[in-house]
>>> print(open('target25.cif').read())   # mmCIF, C-alpha atoms
data_query
loop_
_atom_site.label_atom_id
_atom_site.label_comp_id
_atom_site.auth_asym_id
_atom_site.auth_seq_id
_atom_site.Cartn_x
_atom_site.Cartn_y
_atom_site.Cartn_z
CA MET A 1 0.00 0.00 0.00
CA ASN A 2 2.76 2.44 0.97
CA SER A 3 4.67 1.38 -2.15
CA SER A 4 1.64 2.22 -4.26
CA LYS A 5 1.33 5.65 -2.67
CA SER A 6 5.04 6.27 -3.18
CA HIS A 7 4.75 5.30 -6.84
CA GLY A 8 1.74 7.61 -7.26
CA ALA A 9 3.63 10.50 -5.68
CA SER A 10 6.56 9.81 -7.98
CA VAL A 11 4.34 9.85 -11.07
CA LYS A 12 2.69 13.06 -9.88
CA ALA A 13 6.08 14.70 -9.37
CA THR A 14 7.19 13.57 -12.84
CA VAL A 15 4.05 15.02 -14.44
CA LYS A 16 4.47 18.25 -12.52
CA SER A 17 8.10 18.59 -13.65
CA LEU A 18 7.32 17.99 -17.32
CA THR A 19 7.80 21.07 -19.51
CA VAL A 20 5.69 21.04 -22.69
CA TYR A 21 7.81 23.10 -25.06
CA SER A 22 5.53 22.71 -28.08
CA ILE A 23 2.72 24.47 -26.21
CA LEU A 24 5.06 27.09 -24.76
CA PHE A 25 6.39 28.03 -28.19
CA ALA A 26 2.89 27.99 -29.67
CA VAL A 27 1.42 30.32 -27.05
CA SER A 28 4.55 32.49 -27.29
CA ALA A 29 3.91 32.81 -31.04
CA VAL A 30 0.32 33.86 -30.35
CA HIS A 31 1.63 36.37 -27.79
CA MET A 32 3.92 37.77 -30.48
CA LEU A 33 1.03 38.14 -32.93
CA ASN A 34 -1.26 39.64 -30.28
CA ASP A 35 1.28 42.27 -29.25
CA SER A 36 2.15 42.93 -32.90
CA MET A 37 -1.46 43.97 -33.41
CA GLN A 38 -1.25 46.26 -30.41
CA VAL A 39 1.87 47.99 -31.67
CA VAL A 40 0.23 48.65 -35.03
CA VAL A 41 -1.38 51.49 -33.07
CA SER A 42 1.89 52.96 -31.77
CA ALA A 43 3.57 52.37 -35.14
CA LEU A 44 0.88 54.59 -36.65
CA PHE A 45 1.50 57.48 -34.24
CA PRO A 46 3.72 59.52 -36.59
CA ILE A 47 1.28 58.78 -39.44
CA PHE A 48 -1.74 59.86 -37.35
CA GLN A 49 0.11 63.01 -36.28
CA SER A 50 0.48 63.97 -39.93
CA SER A 51 -2.72 62.64 -41.57
CA LEU A 52 -5.18 63.42 -38.76
CA GLN A 53 -3.30 66.45 -37.37
CA LEU A 54 -3.13 65.04 -33.83
CA SER A 55 -1.38 66.69 -30.90
CA TYR A 56 0.93 64.86 -28.48
CA ALA A 57 -1.92 64.83 -25.96
CA GLN A 58 -4.28 63.14 -28.45
CA ILE A 59 -1.61 60.55 -29.23
CA GLY A 60 -1.34 60.01 -25.49
CA TRP A 61 -5.12 59.48 -25.27
CA ILE A 62 -4.97 56.84 -28.00
CA ALA A 63 -2.25 54.98 -26.08
CA PHE A 64 -4.25 55.49 -22.87
CA THR A 65 -7.39 53.97 -24.37
CA LEU A 66 -5.55 50.94 -25.76
CA ASN A 67 -3.61 50.19 -22.60
CA MET A 68 -6.33 51.09 -20.11
CA THR A 69 -8.92 48.93 -21.88
CA SER A 70 -6.66 45.92 -21.66
CA SER A 71 -5.35 46.72 -18.17
CA VAL A 72 -8.70 47.27 -16.48
CA MET A 73 -10.10 44.07 -17.94
CA GLN A 74 -7.05 41.85 -17.32
CA PRO A 75 -7.44 41.45 -13.53
CA ILE A 76 -11.21 40.98 -14.01
CA VAL A 77 -10.72 38.28 -16.62
CA GLY A 78 -7.92 36.75 -14.54
CA SER A 79 -10.02 36.60 -11.37
CA TRP A 80 -12.97 35.12 -13.25
CA SER A 81 -10.83 32.53 -15.02
CA ASP A 82 -9.25 31.45 -11.71
CA ARG A 83 -12.74 30.18 -10.85
CA ARG A 84 -13.90 29.22 -14.33
CA PRO A 85 -11.16 28.86 -16.98
CA MET A 86 -12.51 29.50 -20.50
CA PRO A 87 -10.16 28.11 -23.16
CA TRP A 88 -12.27 29.11 -26.18
CA LEU A 89 -12.37 32.71 -24.98
CA LEU A 90 -8.81 32.97 -26.36
CA ILE A 91 -10.16 32.71 -29.90
CA ILE A 92 -13.05 35.11 -29.25
CA GLY A 93 -10.58 37.69 -27.91
CA MET A 94 -8.43 37.36 -31.02
CA MET A 95 -11.47 37.98 -33.21
CA CYS A 96 -12.11 41.20 -31.26
CA SER A 97 -8.59 42.36 -32.09
CA MET A 98 -9.07 41.49 -35.76
CA ILE A 99 -12.18 43.69 -35.98
CA GLY A 100 -10.36 46.56 -34.26
CA ILE A 101 -7.38 46.35 -36.62
CA ALA A 102 -9.59 46.26 -39.70
CA GLY A 103 -11.46 49.37 -38.54
CA LEU A 104 -8.25 51.21 -37.72
CA SER A 105 -7.07 51.14 -41.31
CA PHE A 106 -10.10 53.19 -42.41
CA ALA A 107 -10.67 55.39 -39.34
CA PRO A 108 -11.30 58.96 -40.58
CA ASN A 109 -10.84 60.82 -37.32
CA PHE A 110 -9.58 60.71 -33.74
CA TRP A 111 -12.81 59.34 -32.22
CA ILE A 112 -13.11 56.42 -34.64
CA VAL A 113 -9.48 55.55 -33.88
CA ILE A 114 -10.41 55.48 -30.18
CA CYS A 115 -13.31 53.08 -30.85
CA CYS A 116 -11.07 50.77 -32.87
CA VAL A 117 -8.34 50.57 -30.24
CA ILE A 118 -10.97 49.62 -27.63
CA GLY A 119 -11.59 46.44 -29.65
CA ILE A 120 -7.86 45.70 -29.83
CA GLY A 121 -7.50 46.35 -26.10
CA LEU A 122 -10.37 44.01 -25.19
CA GLY A 123 -8.81 41.24 -27.25
CA SER A 124 -5.52 41.68 -25.43
CA ALA A 125 -7.25 41.75 -22.03
CA VAL A 126 -8.77 38.35 -22.73
CA PHE A 127 -5.57 36.82 -24.07
CA HIS A 128 -3.01 37.68 -21.39
CA PRO A 129 -4.50 36.05 -18.24
CA GLU A 130 -5.62 32.93 -20.11
CA GLY A 131 -2.28 32.79 -21.95
CA SER A 132 -0.43 32.97 -18.63
CA ARG A 133 -2.51 30.07 -17.32
CA VAL A 134 -1.56 27.96 -20.36
CA VAL A 135 2.10 28.79 -19.69
CA TYR A 136 1.74 27.79 -16.03
CA LEU A 137 0.25 24.43 -17.01
CA ALA A 138 2.99 23.78 -19.61
CA ALA A 139 5.91 25.06 -17.48
CA GLY A 140 6.62 22.03 -15.32
CA ASN A 141 9.38 23.00 -12.87
CA LYS A 142 10.87 25.64 -15.20
CA ARG A 143 8.54 28.51 -14.47
CA GLY A 144 11.06 31.29 -15.00
CA LEU A 145 12.15 29.90 -18.38
CA ALA A 146 8.54 29.19 -19.40
CA GLN A 147 7.37 32.69 -18.54
CA SER A 148 10.33 34.12 -20.42
CA ILE A 149 9.56 32.07 -23.54
CA TYR A 150 6.00 33.41 -23.35
CA GLN A 151 7.10 36.99 -22.69
CA VAL A 152 9.78 36.91 -25.40
CA GLY A 153 7.00 36.40 -27.92
CA GLY A 154 5.17 39.49 -26.66
CA ASN A 155 8.29 41.62 -26.49
CA PHE A 156 9.36 40.56 -29.97
CA GLY A 157 5.92 41.49 -31.28
CA SER A 158 6.22 44.88 -29.59
CA SER A 159 9.68 45.40 -31.08
CA LEU A 160 8.19 45.26 -34.58
CA ALA A 161 6.57 48.70 -34.22
CA PRO A 162 9.57 50.67 -35.58
CA LEU A 163 9.93 48.28 -38.52
CA MET A 164 6.22 48.61 -39.30
CA THR A 165 6.59 52.37 -39.35
CA ILE A 166 9.61 52.22 -41.68
CA PHE A 167 8.47 49.53 -44.12
CA ILE A 168 4.67 49.64 -44.03
CA PHE A 169 3.14 52.84 -42.71
CA VAL A 170 5.51 55.45 -44.15
CA PRO A 171 5.06 53.98 -47.69
CA LEU A 172 1.39 52.87 -47.39
CA GLY A 173 0.01 55.22 -44.76
CA GLN A 174 -2.92 54.39 -42.53
CA ARG A 175 -4.42 51.88 -45.00
CA GLY A 176 -1.44 49.61 -44.38
CA ALA A 177 -3.00 48.63 -41.04
CA ILE A 178 -5.30 46.23 -42.90
CA TRP A 179 -2.37 43.82 -43.12
CA GLY A 180 -2.72 43.40 -39.36
CA THR A 181 -5.77 41.22 -39.90
CA LEU A 182 -3.40 38.53 -41.23
CA LEU A 183 -1.69 38.54 -37.82
CA ALA A 184 -5.03 37.83 -36.13
CA ALA A 185 -5.90 35.07 -38.60
CA THR A 186 -2.54 33.37 -38.01
CA ALA A 187 -3.01 33.61 -34.24
CA ILE A 188 -6.44 32.00 -34.46
CA GLY A 189 -4.95 29.14 -36.49
CA ILE A 190 -2.33 28.47 -33.79
CA LEU A 191 -4.93 28.71 -31.02
CA LEU A 192 -6.89 25.92 -32.68
CA TYR A 193 -3.93 23.73 -31.62
CA VAL A 194 -3.41 25.28 -28.15
CA VAL A 195 -7.03 25.48 -26.95
CA PRO A 196 -7.83 21.72 -27.16
CA TRP A 197 -4.62 20.95 -25.22
CA TYR A 198 -5.58 23.56 -22.63
CA SER A 199 -9.06 22.02 -22.28
CA ARG A 200 -7.58 18.55 -21.81
CA GLN A 201 -5.25 19.82 -19.09
CA LEU A 202 -8.14 21.37 -17.18
CA ALA A 203 -10.07 18.09 -17.41
CA GLN A 204 -6.99 16.08 -16.37
CA HIS A 205 -6.59 18.22 -13.26
CA GLY A 206 -10.18 17.46 -12.31
CA ASN A 207 -11.42 20.97 -13.09
CA VAL A 208 -14.87 20.06 -14.37
CA PRO A 209 -17.33 20.39 -11.46
CA LYS A 210 -20.68 21.18 -12.99
CA LYS A 211 -21.97 23.70 -10.50
CA LYS A 212 -18.77 25.03 -8.97
CA ALA A 213 -16.22 27.41 -10.35
CA ALA A 214 -13.32 25.66 -12.03
CA GLN A 215 -9.84 26.15 -10.72
CA VAL A 216 -6.47 24.77 -11.73
CA SER A 217 -4.96 22.46 -9.12
CA ILE A 218 -1.96 24.28 -7.68
CA ASP A 219 -0.03 23.68 -4.49
CA LYS A 220 -0.91 26.34 -1.92
CA PRO A 221 1.77 26.71 0.75
CA SER A 222 0.87 28.94 3.64
CA ILE A 223 2.13 32.50 3.09
CA PRO A 224 1.22 35.17 5.66
CA SER A 225 -1.22 37.72 4.29
CA LYS A 226 1.04 40.54 5.48
CA VAL A 227 3.90 39.22 3.33
CA VAL A 228 1.60 38.99 0.30
CA TYR A 229 0.30 42.55 0.74
CA ILE A 230 3.77 44.02 1.27
CA GLY A 231 5.24 42.12 -1.67
CA ILE A 232 2.44 43.01 -4.07
CA GLY A 233 2.40 46.65 -2.91
CA ILE A 234 6.12 47.12 -3.51
CA LEU A 235 5.96 45.16 -6.76
CA LEU A 236 3.16 47.34 -8.14
CA THR A 237 5.07 50.50 -7.18
CA ILE A 238 8.06 49.24 -9.14
CA VAL A 239 5.82 48.27 -12.05
CA PHE A 240 4.38 51.80 -12.01
CA ALA A 241 7.83 53.37 -12.39
CA ARG A 242 8.94 50.93 -15.07
CA SER A 243 5.68 51.34 -17.01
CA TRP A 244 5.86 55.15 -17.05
CA TYR A 245 9.46 55.00 -18.21
CA SER A 246 8.64 52.40 -20.87
CA ALA A 247 5.73 54.60 -22.04
CA ALA A 248 8.12 57.53 -22.40
CA ILE A 249 10.57 55.51 -24.50
CA GLY A 250 8.05 53.47 -26.48
CA ASN A 251 5.62 56.25 -27.37
CA TYR A 252 7.69 59.44 -27.40
CA TYR A 253 11.41 58.76 -27.78
CA GLN A 254 11.07 58.79 -31.56
CA PHE A 255 9.73 62.36 -31.38
CA PHE A 256 12.56 63.38 -29.03
CA ALA A 257 15.14 61.85 -31.39
CA ARG A 258 13.69 63.76 -34.35
CA GLU A 259 13.79 67.06 -32.44
CA ALA A 260 17.13 66.61 -30.66
CA TYR A 261 19.15 65.03 -33.47
CA ASN A 262 17.26 66.19 -36.59
CA LEU A 263 16.44 62.62 -37.64
CA THR A 264 13.82 61.59 -40.17
CA ILE A 265 10.83 59.45 -39.15
CA GLN A 266 12.63 56.34 -40.41
CA GLN A 267 15.95 57.20 -38.71
CA ALA A 268 14.20 57.87 -35.40
CA GLN A 269 12.88 54.29 -35.38
CA ILE A 270 16.38 52.76 -35.16
CA PRO A 271 17.15 53.56 -31.48
CA LEU A 272 13.59 52.62 -30.57
CA TYR A 273 13.99 49.27 -32.34
CA LEU A 274 17.30 48.62 -30.55
CA PHE A 275 15.66 49.26 -27.17
CA MET A 276 12.86 46.84 -27.97
CA ILE A 277 14.77 44.03 -29.68
CA PHE A 278 17.45 43.92 -26.98
CA GLY A 279 14.58 43.90 -24.49
CA VAL A 280 13.50 40.63 -26.09
CA VAL A 281 16.96 39.16 -25.46
CA GLY A 282 16.93 40.46 -21.89
CA THR A 283 13.52 38.94 -21.22
CA PHE A 284 14.67 35.48 -22.30
CA PHE A 285 17.94 35.40 -20.37
CA GLY A 286 16.35 37.09 -17.36
CA GLY A 287 13.94 34.20 -16.97
CA MET A 288 16.72 31.63 -17.30
CA LEU A 289 18.85 33.39 -14.68
CA ALA A 290 15.89 33.78 -12.33
CA ASP A 291 15.48 30.00 -12.16
CA ARG A 292 19.10 29.84 -10.93
CA ILE A 293 19.57 32.92 -8.73
CA GLY A 294 15.97 33.62 -7.64
CA ARG A 295 13.22 35.99 -8.81
CA ARG A 296 13.94 38.74 -6.29
CA THR A 297 17.68 38.81 -7.04
CA MET A 298 16.99 38.98 -10.77
CA MET A 299 14.56 41.87 -10.36
CA ILE A 300 17.04 43.80 -8.21
CA SER A 301 19.77 43.33 -10.82
CA SER A 302 17.47 44.48 -13.61
CA LEU A 303 16.04 47.53 -11.89
CA VAL A 304 19.21 48.83 -10.27
CA GLY A 305 21.35 48.10 -13.33
CA SER A 306 19.13 50.26 -15.55
CA ILE A 307 19.40 53.41 -13.38
CA PRO A 308 22.71 54.89 -14.66
CA LEU A 309 21.84 54.17 -18.31
CA ALA A 310 18.44 55.84 -18.01
CA LEU A 311 19.97 58.93 -16.39
CA LEU A 312 22.58 59.24 -19.16
CA LEU A 313 20.33 58.62 -22.17
CA PRO A 314 18.82 62.13 -22.69
CA HIS A 315 22.25 63.80 -22.56
CA LEU A 316 24.30 61.64 -24.94
CA PRO A 317 25.58 62.55 -28.41
CA LEU A 318 23.92 60.65 -31.25
CA ALA A 319 26.74 58.11 -31.71
CA TRP A 320 26.40 56.93 -28.10
CA ILE A 321 22.61 56.66 -28.21
CA TYR A 322 22.62 53.34 -30.06
CA PRO A 323 24.78 51.18 -27.74
CA VAL A 324 23.38 52.76 -24.56
CA ILE A 325 19.71 52.38 -25.46
CA ALA A 326 20.32 48.77 -26.57
CA LEU A 327 21.98 47.93 -23.25
CA LEU A 328 19.21 49.74 -21.38
CA GLY A 329 16.54 47.62 -23.09
CA LEU A 330 18.51 44.44 -22.35
CA ILE A 331 18.85 45.17 -18.62
CA LEU A 332 15.47 46.82 -17.94
CA GLN A 333 13.36 44.13 -19.61
CA SER A 334 15.28 41.23 -18.06
CA GLY A 335 13.13 41.57 -14.95
CA PHE A 336 9.64 41.94 -16.42
CA SER A 337 8.63 38.30 -16.91
CA VAL A 338 10.31 37.49 -13.59
CA SER A 339 7.99 39.91 -11.78
CA VAL A 340 4.97 37.96 -13.08
CA VAL A 341 6.40 34.66 -11.76
CA TYR A 342 7.25 36.35 -8.45
CA ALA A 343 3.63 37.53 -8.10
CA GLN A 344 2.31 34.05 -8.94
CA GLU A 345 4.51 32.48 -6.27
CA ILE A 346 3.52 34.81 -3.45
CA MET A 347 -0.15 34.46 -4.48
CA PRO A 348 -0.35 30.65 -4.85
CA GLY A 349 -3.53 29.32 -6.37
CA LYS A 350 -4.32 32.62 -8.10
CA VAL A 351 -2.37 32.39 -11.33
CA GLY A 352 -4.83 34.39 -13.43
CA THR A 353 -5.28 37.07 -10.76
CA ALA A 354 -1.54 37.50 -10.19
CA SER A 355 -0.75 37.60 -13.91
CA GLY A 356 -3.63 39.95 -14.68
CA LEU A 357 -2.73 42.19 -11.76
CA VAL A 358 0.93 42.65 -12.70
CA THR A 359 0.60 42.83 -16.48
CA GLY A 360 -2.71 44.67 -16.27
CA PHE A 361 -1.29 47.22 -13.84
CA ALA A 362 1.72 47.62 -16.12
CA PHE A 363 -0.52 48.38 -19.09
CA GLY A 364 -2.71 50.66 -16.98
CA MET A 365 0.16 52.70 -15.64
CA GLY A 366 1.64 52.90 -19.11
CA ALA A 367 -1.72 54.22 -20.29
CA VAL A 368 -1.88 56.94 -17.65
CA GLY A 369 1.76 57.78 -18.30
CA SER A 370 1.11 58.19 -22.02
CA VAL A 371 -1.57 60.82 -21.42
CA VAL A 372 0.32 62.71 -18.74
CA LEU A 373 3.62 62.71 -20.61
CA GLY A 374 1.99 63.74 -23.90
CA SER A 375 0.19 66.63 -22.18
CA VAL A 376 3.40 67.75 -20.46
CA ALA A 377 5.27 67.62 -23.79
CA ASP A 378 2.66 69.93 -25.36
CA VAL A 379 3.10 72.44 -22.52
CA LYS A 380 6.84 72.09 -21.89
CA SER A 381 8.89 70.14 -24.43
CA MET A 382 9.73 66.57 -25.34
CA GLU A 383 13.24 67.13 -24.01
CA PHE A 384 11.80 68.06 -20.60
CA VAL A 385 9.73 64.84 -20.60
CA MET A 386 12.74 62.65 -21.41
CA ILE A 387 14.92 64.21 -18.71
CA ALA A 388 12.15 64.02 -16.08
CA THR A 389 11.28 60.38 -16.81
CA SER A 390 14.94 59.35 -16.67
CA LEU A 391 14.59 59.68 -12.87
CA LEU A 392 11.82 57.08 -12.65
CA PRO A 393 14.09 53.99 -12.59
CA LEU A 394 15.42 55.26 -9.23
CA ILE A 395 12.16 53.92 -7.73
CA GLY A 396 13.54 50.48 -8.59
CA LEU A 397 15.71 50.76 -5.46
CA LEU A 398 12.58 49.64 -3.57
CA SER A 399 13.28 46.15 -4.92
CA PHE A 400 15.79 45.70 -2.06
CA VAL A 401 12.89 45.52 0.42
CA LEU A 402 10.83 42.97 -1.53
CA PRO A 403 10.04 39.84 0.53
CA LYS A 404 12.19 36.84 -0.35
CA ASP A 405 10.67 34.68 -3.06
CA ARG A 406 9.83 31.04 -2.57
CA ALA A 407 12.54 28.45 -2.84
CA ARG A 408 13.22 27.45 -6.42
CA ASP A 409 11.83 24.12 -7.58
#
>>> encode(input="target25.cif", output="structure tokens")
Amino acid sequence: MNSSKSHGASVKATVKSLTVYSILFAVSAVHMLNDSMQVVVSALFPIFQSSLQLSYAQIGWIAFTLNMTSSVMQPIVGSWSDRRPMPWLLIIGMMCSMIGIAGLSFAPNFWIVICCVIGIGLGSAVFHPEGSRVVYLAAGNKRGLAQSIYQVGGNFGSSLAPLMTIFIFVPLGQRGAIWGTLLAATAIGILLYVVPWYSRQLAQHGNVPKKKAAQVSIDKPSIPSKVVYIGIGILLTIVFARSWYSAAIGNYYQFFAREAYNLTIQQAQIPLYLFMIFGVVGTFFGGMLADRIGRRTMMISSLVGSIPLALLLPHLPLAWIYPVIALLGLILQSGFSVSVVYAQEIMPGKVGTASGLVTGFAFGMGAVGSVVLGSVADVKSMEFVMIATSLLPLIGLLSFVLPKDRARD
């Protein structure tokens, strides 16, 4: 009898440790396509500024609407799906994004653009919490690496914005956005492979009670509520600072580069692309290192290491911009996926809530930052905005007082 129990425990441990790379890469690819559709909006900013005569504040409101729609809904969707996971909602969300992208290519004015980005934001809000749950189920005992594979897809999709501006929207204008519907169609095709696997995993974990909310079976070690509240509070403060700084670079650095260095629209995309593509590399290796050295240690290294580079960036000559902004993206983004895993581990049993809270709060703060920074740039200058936001990474010093993360598997 004891031998049978021991064998069962061994099998359970083996299943738990299994990492399903085919699913991880598939959902990472969908993440890339989802975030590529989102950055169609930011890639169109210089086109909108010219064709629709938008101010910096209006550009900020577009970014606000996109990010706030997805951020407000993410924790709601995450909390709901913790009780009742909905695999097929992934495909419905992607269809929402497809409709938004199609409308964006023909939007004649600011308000229609706003309506279209709401659709894109809702699609993203549905995808991220459910996508994180798929990653959790496929991760085995390599949660840091798994989350990084997932996040690399999203970051790579985001990094395509400058290339879209250079190769699609400058030559084709706003109508070029219609090509984004192909991204949604491809994502739906991949999800037709992921969703059945996801459904089987939920059934395998015994998550099919007919009248009770479904929940993924996750070990729930006792963690004092005070530790959870302190950890999440500090984490969200750090996410706030990082999100505002990322909003400044992602949405407005191209305008600063054009003003400060007399660059063309295409030339101004190069430093932005370096920041984003090296952020992809940082995300991947950050997750790998976190599995070895711990989530908290990795976040401290990322946040503190980015401080001197951020402070220097607005004051450098053009030749130094390229290596410094690339290194900044590498270091700053190495801690983002790790922060999601950290939140999941100090909130055991609430994968969707933790993921939606961190990523949703990040999007939300980025949204607020976009509006505030755009309005300040209209009143002051884009140079003032870049210098002021370079101080934000200093808030990352709070990472030293984060509670210790759980022992690595």
>>> atom_distance(input="target25.cif", atom1="CA of Met347 (chain A)", atom2="CA of Arg133 (chain A)")
13.8 Å
>>> closest_residue(input="target25.cif", among="A:Ala63, A:Gln267, A:Ala107, A:Ile149", to="Leu163 (chain A)", atoms="only C-alpha atoms")
A:Gln267
>>> atom_distance(input="target25.cif", atom1="CA of Gln49 (chain A)", atom2="CA of Leu183 (chain A)")
24.6 Å
>>> atom_distance(input="target25.cif", atom1="CA of Ile101 (chain A)", atom2="CA of Val72 (chain A)")
20.2 Å
>>> residues_around(input="target25.cif", residues="Gly121 (chain A)", least_positions_apart="4", cutoff="8 Å", atoms="all atoms listed in the file", output="PDB file with C-alpha atoms, keeping the file's coordinate frame")
ATOM      1  CA  GLN A  38      -1.250  46.260 -30.410  1.00  0.00           C
ATOM      2  CA  THR A  65      -7.390  53.970 -24.370  1.00  0.00           C
ATOM      3  CA  LEU A  66      -5.550  50.940 -25.760  1.00  0.00           C
ATOM      4  CA  ASN A  67      -3.610  50.190 -22.600  1.00  0.00           C
ATOM      5  CA  MET A  68      -6.330  51.090 -20.110  1.00  0.00           C
ATOM      6  CA  THR A  69      -8.920  48.930 -21.880  1.00  0.00           C
ATOM      7  CA  SER A  70      -6.660  45.920 -21.660  1.00  0.00           C
ATOM      8  CA  SER A  97      -8.590  42.360 -32.090  1.00  0.00           C
ATOM      9  CA  VAL A 117      -8.340  50.570 -30.240  1.00  0.00           C
ATOM     10  CA  ALA A 125      -7.250  41.750 -22.030  1.00  0.00           C
TER      11      ALA A 125
END
>>> closest_atom_pairs(input="target25.cif", of="region 46-84 of chain A", to="region 233-252 of chain A", cutoff="9 Å", atoms="only C-alpha atoms", output="JSON lines")
{"residue": "A:Tyr56", "atom": "CA", "partner": "A:Tyr252", "partner_atom": "CA", "distance": 8.7}
{"residue": "A:Ile59", "atom": "CA", "partner": "A:Asn251", "partner_atom": "CA", "distance": 8.6}
{"residue": "A:Gly60", "atom": "CA", "partner": "A:Asn251", "partner_atom": "CA", "distance": 8.1}
{"residue": "A:Ala63", "atom": "CA", "partner": "A:Asn251", "partner_atom": "CA", "distance": 8.1}
>>> closest_residue(input="target25.cif", among="A:Val39, A:Ala354, A:Ile230, A:Ala203", to="Ile76 (chain A)", atoms="only C-alpha atoms")
A:Ala354
>>> resolve_selection(input="target25.cif", expression="the PyMOL selection byres ((chain A and resi 260) around 12)", output="ChimeraX atom specification")
/A:253-259,261-264,268,314-318,321,381-384,386
>>> resolve_selection(input="target25.cif", expression="the PyMOL selection byres ((chain A and resi 289-293) around 9)", output="list in words")
Lys142, Arg143, Gly144, Leu145, Phe284, Phe285, Gly286, Gly287, Met288, Gly294, Arg295, Arg296, Thr297, Met298, Met299, Gly335, Val338, Arg408 and Asp409 of chain A
>>> closest_residue(input="target25.cif", among="A:Met37, A:Leu311, A:Val170, A:Met164", to="Ala388 (chain A)", atoms="only C-alpha atoms")
A:Leu311
>>> resolve_selection(input="target25.cif", expression="the PyMOL selection byres ((chain A and resi 88) around 10)", output="PyMOL selection string")
chain A and resi 85-87+89-93+130+191-192+194-196+198-199
>>> residues_near_point(input="target25.cif", point="(7.6, 33.0, -33.3)", cutoff="12 Å", atoms="all atoms listed in the file", output="PyMOL selection string")
chain A and resi 22+24-36+149-157+183+186-187+190
>>> write_last_selection(input="target25.cif", atoms="C-alpha atoms", output="PDB file, keeping the file's coordinate frame")
ATOM      1  CA  SER A  22       5.530  22.710 -28.080  1.00  0.00           C
ATOM      2  CA  LEU A  24       5.060  27.090 -24.760  1.00  0.00           C
ATOM      3  CA  PHE A  25       6.390  28.030 -28.190  1.00  0.00           C
ATOM      4  CA  ALA A  26       2.890  27.990 -29.670  1.00  0.00           C
ATOM      5  CA  VAL A  27       1.420  30.320 -27.050  1.00  0.00           C
ATOM      6  CA  SER A  28       4.550  32.490 -27.290  1.00  0.00           C
ATOM      7  CA  ALA A  29       3.910  32.810 -31.040  1.00  0.00           C
ATOM      8  CA  VAL A  30       0.320  33.860 -30.350  1.00  0.00           C
ATOM      9  CA  HIS A  31       1.630  36.370 -27.790  1.00  0.00           C
ATOM     10  CA  MET A  32       3.920  37.770 -30.480  1.00  0.00           C
ATOM     11  CA  LEU A  33       1.030  38.140 -32.930  1.00  0.00           C
ATOM     12  CA  ASN A  34      -1.260  39.640 -30.280  1.00  0.00           C
ATOM     13  CA  ASP A  35       1.280  42.270 -29.250  1.00  0.00           C
ATOM     14  CA  SER A  36       2.150  42.930 -32.900  1.00  0.00           C
ATOM     15  CA  ILE A 149       9.560  32.070 -23.540  1.00  0.00           C
ATOM     16  CA  TYR A 150       6.000  33.410 -23.350  1.00  0.00           C
ATOM     17  CA  GLN A 151       7.100  36.990 -22.690  1.00  0.00           C
ATOM     18  CA  VAL A 152       9.780  36.910 -25.400  1.00  0.00           C
ATOM     19  CA  GLY A 153       7.000  36.400 -27.920  1.00  0.00           C
ATOM     20  CA  GLY A 154       5.170  39.490 -26.660  1.00  0.00           C
ATOM     21  CA  ASN A 155       8.290  41.620 -26.490  1.00  0.00           C
ATOM     22  CA  PHE A 156       9.360  40.560 -29.970  1.00  0.00           C
ATOM     23  CA  GLY A 157       5.920  41.490 -31.280  1.00  0.00           C
ATOM     24  CA  LEU A 183      -1.690  38.540 -37.820  1.00  0.00           C
ATOM     25  CA  THR A 186      -2.540  33.370 -38.010  1.00  0.00           C
ATOM     26  CA  ALA A 187      -3.010  33.610 -34.240  1.00  0.00           C
ATOM     27  CA  ILE A 190      -2.330  28.470 -33.790  1.00  0.00           C
TER      28      ILE A 190
END
>>> residues_around(input="target25.cif", residues="Asp378 (chain A)", least_positions_apart="5", cutoff="9 Å", atoms="all atoms listed in the file", output="PDB file with C-alpha atoms, in the frame of the given file")
ATOM      1  CA  SER A  55      -1.380  66.690 -30.900  1.00  0.00           C
ATOM      2  CA  TYR A  56       0.930  64.860 -28.480  1.00  0.00           C
ATOM      3  CA  ALA A  57      -1.920  64.830 -25.960  1.00  0.00           C
ATOM      4  CA  LEU A 373       3.620  62.710 -20.610  1.00  0.00           C
TER       5      LEU A 373
END
>>> closest_residue(input="target25.cif", among="A:Arg84, A:Lys380, A:Met95, A:Gly305", to="Gly189 (chain A)", atoms="only C-alpha atoms")
A:Met95
>>> axis_aligned_box(input="target25.cif", around="region 31-40 of chain A", padding_each_side="3 Å", output="AutoDock Vina command-line options")
--center_x 1.2 --center_y 42.5 --center_z -31.4 --size_x 11.4 --size_y 18.3 --size_z 13.2
>>> closest_residue(input="target25.cif", among="A:Leu392, A:Val77, A:Ala343, A:Ala161", to="Val227 (chain A)", atoms="only C-alpha atoms")
A:Ala343
>>> closest_residue(input="target25.cif", among="A:Pro162, A:Gly396, A:Pro46, A:Gly173", to="Pro308 (chain A)", atoms="all atoms listed in the file")
A:Gly396
>>> residues_around(input="target25.cif", residues="Leu330 (chain A)", least_positions_apart="2", cutoff="8 Å", atoms="all atoms listed in the file", output="MDAnalysis selection string")
chainID A and resid 275 278:283 326:328 332:334
>>> decode(input="target25.cif", residues="region 392-402 of chain A", atoms="C-alpha atoms", output="mmCIF file, in the first residue's frame")
data_model
loop_
_atom_site.group_PDB
_atom_site.id
_atom_site.type_symbol
_atom_site.label_atom_id
_atom_site.label_comp_id
_atom_site.auth_asym_id
_atom_site.auth_seq_id
_atom_site.Cartn_x
_atom_site.Cartn_y
_atom_site.Cartn_z
ATOM 1 C CA LEU A 392 11.819 57.079 -12.651
ATOM 2 C CA PRO A 393 14.090 53.992 -12.592
ATOM 3 C CA LEU A 394 15.416 55.257 -9.235
ATOM 4 C CA ILE A 395 12.163 53.920 -7.735
ATOM 5 C CA GLY A 396 13.543 50.481 -8.587
ATOM 6 C CA LEU A 397 15.708 50.758 -5.455
ATOM 7 C CA LEU A 398 12.584 49.639 -3.569
ATOM 8 C CA SER A 399 13.279 46.149 -4.919
ATOM 9 C CA PHE A 400 15.788 45.695 -2.063
ATOM 10 C CA VAL A 401 12.893 45.522 0.418
ATOM 11 C CA LEU A 402 10.825 42.972 -1.532
#
